[in-house]
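**Student:** Here you go, one structure.
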Amino acid sequence: MDRRVSRIVGLSCVLALGAAQGCSMMPFQKRKPPEVFGTLPPAKARELVRDDRERLGGIDSPLHQSKTYLGVDTSGEGGVAAAFHVMFAAPYRAFRFLAKGETPLKAVAAMEDASSPDNRRQGILKIMQNRFARREPYTKRYAQIATEPGTNPAVRAAALRALNYSRSRFDTDAFSSALDDADPAVRLEAAKALANVPDDKAVTKLVQHLQNEDNKDVRIASADALRSFKTAEVARALIGVLNERDFGVAWQARESLRLMTGHDFRYDDGAWIAYLASAKNPFM
């Protein structure tokens, strides 16, 4: 009986000590490293730059092409997942072709179906999945659809998405002009496209939409797009929204600032401003 009591007392002491030290009793649960405030570790800064370059390269970049097998992009997948992806892709494509009749030619016909905006939208989103349709003359046609007067906004938004997915620079003015569209879905696709296909002529508009846009998602996409323009004016605009009530906007502004500068002062706008004022070369 005394032995049982001593065990209980001993276990209670261990539990109390663990609680006092803030220790988890679960051995597999790791503590998170302390969050950086100031200069990012070099490895983290290089990782941010590398990931951004890969993103700007898009689905047809050399990285993705080197990971493509039998037409299946396995970028970011482990060996087993990639093998299963490739193994099942061919039967799935055959099913879509034989059972559903989904062919590129049918998608192109739907894209040009003037009687149905929904068919046009779906046709664009399907045809752009083919590598050949992410080059001219298809990108030229997407740009035409995106700027056609009177075209349904959903169709124009899909055309902008196809240009973005293609990383097309055929007509970047289409992105900039679409930022002022009356339809928020069109503005959103334009801002998202500029995040992947930067255009210096769009900087002023992106800043304006970051600061004054009614649609939250457009503001977030604008903050994302501004990461590619490493100027003090852009950095100040991003710092100016770090204390927004809408956390999504503030979070994206911080992410853009981290990539631009290689530093992280979290949401402390005063620290960011002090860094810009004191650093000889504040941008990476």
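Lettering and numbering for the structure tokens are positional, with chains as A, B, ... in the shown order, residues counted from 1 in each chain, and ligands counted from 1 in the shown order.
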Give me, as a list in words, all polymer residues having an atom no more than 8 Å from Thr261 in chain A, counting only C-alpha atoms and skipping those fewer than 4 positions away in the same chain.

**Tutor:**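 Contacts, in chain order: Leu257, Pro282, Phe283 and Met284 of chain A.
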
**Student:** Please identify which residues in range 143-180 of chain A DSSP calls alpha helix (DSSP H) from the backbone, and express them as a PyMOL selection string.

**Tutor:** chain A and resi 143-146+153-165+173-178

**Student:** Dump N, CA and C atoms for the selected residues as an mmCIF file, in the first residue's frame?

**Tutor:**
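Below is the file selection23.cif, written as the result:
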data_model
loop_
_atom_site.group_PDB
_atom_site.id
_atom_site.type_symbol
_atom_site.label_atom_id
_atom_site.label_comp_id
_atom_site.auth_asym_id
_atom_site.auth_seq_id
_atom_site.Cartn_x
_atom_site.Cartn_y
_atom_site.Cartn_z
ATOM 1 N N ALA A 143 -6.644 36.896 -74.835
ATOM 2 C CA ALA A 143 -6.528 38.343 -74.635
ATOM 3 C C ALA A 143 -7.639 39.086 -75.351
ATOM 4 N N GLN A 144 -8.021 38.609 -76.528
ATOM 5 C CA GLN A 144 -9.124 39.240 -77.259
ATOM 6 C C GLN A 144 -10.436 39.096 -76.493
ATOM 7 N N ILE A 145 -10.682 37.895 -75.990
ATOM 8 C CA ILE A 145 -11.926 37.658 -75.235
ATOM 9 C C ILE A 145 -11.949 38.511 -73.964
ATOM 10 N N ALA A 146 -10.809 38.625 -73.301
ATOM 11 C CA ALA A 146 -10.735 39.376 -72.045
ATOM 12 C C ALA A 146 -11.060 40.848 -72.237
ATOM 13 N N PRO A 153 -19.059 39.063 -68.005
ATOM 14 C CA PRO A 153 -17.924 39.189 -67.071
ATOM 15 C C PRO A 153 -17.302 37.854 -66.673
ATOM 16 N N ALA A 154 -18.113 36.809 -66.519
ATOM 17 C CA ALA A 154 -17.568 35.505 -66.150
ATOM 18 C C ALA A 154 -16.665 34.955 -67.251
ATOM 19 N N VAL A 155 -17.020 35.240 -68.496
ATOM 20 C CA VAL A 155 -16.203 34.789 -69.622
ATOM 21 C C VAL A 155 -14.890 35.567 -69.655
ATOM 22 N N ARG A 156 -14.962 36.868 -69.435
ATOM 23 C CA ARG A 156 -13.743 37.686 -69.433
ATOM 24 C C ARG A 156 -12.830 37.295 -68.275
ATOM 25 N N ALA A 157 -13.425 36.995 -67.125
ATOM 26 C CA ALA A 157 -12.626 36.556 -65.981
ATOM 27 C C ALA A 157 -11.917 35.240 -66.295
ATOM 28 N N ALA A 158 -12.615 34.317 -66.967
ATOM 29 C CA ALA A 158 -11.996 33.036 -67.339
ATOM 30 C C ALA A 158 -10.857 33.249 -68.326
ATOM 31 N N ALA A 159 -11.023 34.184 -69.254
ATOM 32 C CA ALA A 159 -9.959 34.470 -70.222
ATOM 33 C C ALA A 159 -8.726 35.039 -69.517
ATOM 34 N N LEU A 160 -8.940 35.909 -68.548
ATOM 35 C CA LEU A 160 -7.820 36.447 -67.776
ATOM 36 C C LEU A 160 -7.126 35.340 -66.981
ATOM 37 N N ARG A 161 -7.910 34.417 -66.446
ATOM 38 C CA ARG A 161 -7.320 33.304 -65.708
ATOM 39 C C ARG A 161 -6.466 32.434 -66.638
ATOM 40 N N ALA A 162 -6.952 32.221 -67.861
ATOM 41 C CA ALA A 162 -6.188 31.421 -68.826
ATOM 42 C C ALA A 162 -4.880 32.113 -69.184
ATOM 43 N N LEU A 163 -4.906 33.422 -69.344
ATOM 44 C CA LEU A 163 -3.675 34.170 -69.616
ATOM 45 C C LEU A 163 -2.713 34.064 -68.442
ATOM 46 N N ASN A 164 -3.247 34.146 -67.246
ATOM 47 C CA ASN A 164 -2.442 34.019 -66.031
ATOM 48 C C ASN A 164 -1.824 32.628 -65.956
ATOM 49 N N TYR A 165 -2.621 31.602 -66.152
ATOM 50 C CA TYR A 165 -2.155 30.222 -66.068
ATOM 51 C C TYR A 165 -1.079 29.950 -67.121
ATOM 52 N N ASP A 173 -1.362 44.698 -70.938
ATOM 53 C CA ASP A 173 -2.266 45.836 -70.747
ATOM 54 C C ASP A 173 -3.681 45.366 -70.430
ATOM 55 N N ALA A 174 -4.015 44.156 -70.885
ATOM 56 C CA ALA A 174 -5.345 43.610 -70.590
ATOM 57 C C ALA A 174 -5.531 43.435 -69.091
ATOM 58 N N PHE A 175 -4.468 43.040 -68.385
ATOM 59 C CA PHE A 175 -4.553 42.887 -66.928
ATOM 60 C C PHE A 175 -4.759 44.245 -66.258
ATOM 61 N N SER A 176 -3.963 45.220 -66.687
ATOM 62 C CA SER A 176 -4.026 46.540 -66.059
ATOM 63 C C SER A 176 -5.385 47.191 -66.277
ATOM 64 N N SER A 177 -5.900 47.123 -67.489
ATOM 65 C CA SER A 177 -7.198 47.744 -67.773
ATOM 66 C C SER A 177 -8.328 47.019 -67.055
ATOM 67 N N ALA A 178 -8.193 45.706 -66.883
ATOM 68 C CA ALA A 178 -9.242 44.935 -66.212
ATOM 69 C C ALA A 178 -9.310 45.231 -64.716
#

**Student:** Which residues come within 7 Å of range 219-223 of chain A, counting only C-alpha atoms, excluding same-chain residues fewer than 5 positions away, as a list in words?

**Tutor:**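 Counting only the stated atoms, we get Leu188, Ala191, Lys192, Leu206, His209, Leu210, Glu213, Leu238, Gly248, Val249, Gln252, Ala253 and Ser256 of chain A.
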
**Student:** Those residues you just picked out, can you put them in a file as an mmCIF file, in the first residue's frame with C-alpha atoms?

**Tutor:**
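Done, and the output landed in again11.cif:
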data_model
loop_
_atom_site.group_PDB
_atom_site.id
_atom_site.type_symbol
_atom_site.label_atom_id
_atom_site.label_comp_id
_atom_site.auth_asym_id
_atom_site.auth_seq_id
_atom_site.Cartn_x
_atom_site.Cartn_y
_atom_site.Cartn_z
ATOM 1 C CA LEU A 188 -9.740 39.797 -58.973
ATOM 2 C CA ALA A 191 -4.852 41.349 -59.868
ATOM 3 C CA LYS A 192 -4.033 37.645 -59.559
ATOM 4 C CA LEU A 206 -2.352 48.081 -57.721
ATOM 5 C CA HIS A 209 -6.739 48.998 -55.237
ATOM 6 C CA LEU A 210 -4.782 47.906 -52.184
ATOM 7 C CA GLU A 213 -10.798 48.676 -53.180
ATOM 8 C CA LEU A 238 2.202 47.698 -47.931
ATOM 9 C CA GLY A 248 -6.110 38.724 -44.766
ATOM 10 C CA VAL A 249 -4.925 42.001 -46.280
ATOM 11 C CA GLN A 252 -0.470 39.248 -47.388
ATOM 12 C CA ALA A 253 1.171 42.669 -47.083
ATOM 13 C CA SER A 256 5.159 40.595 -49.647
#

**Student:** Which distance in Å separates CA of Thr39 in chain A and CA of His263 in chain A, to one decimal?

**Tutor:**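 Computing the Euclidean distance for CA of Thr39 in chain A and CA of His263 in chain A yields 4.4 Å.
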
**Student:** Provide the CA of Leu125 in chain A to CA of Asp181 in chain A distance in Å, to one decimal place.

**Tutor:**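 Those two atoms sit 20.6 Å apart.
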
**Student:** Excluding Ile59 in chain A and residues on its chain fewer than 6 positions from it, collect all residues at most 12 Å away from it, counting only C-alpha atoms, and give them as a VMD selection string.

**Tutor:** chain A and resid 53 65 to 68 71 to 75 128 to 131 134 162 164 to 168 196

**Student:** At what distance in Å, to one decimal, does CA of Phe132 in chain A lie from CA of Gly58 in chain A?

**Tutor:**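 So the answer is 14.5 Å.
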
**Student:** Would you give me, as a list of chain:residue names, the residues in range 34-241 of chain A that DSSP reads as strand (DSSP E)?

**Tutor:**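 So, restricting range 34-241 of chain A to strand (DSSP E), we get A:Gly38, A:Thr39, A:Thr68, A:Tyr69, A:Val72, A:Asp73.
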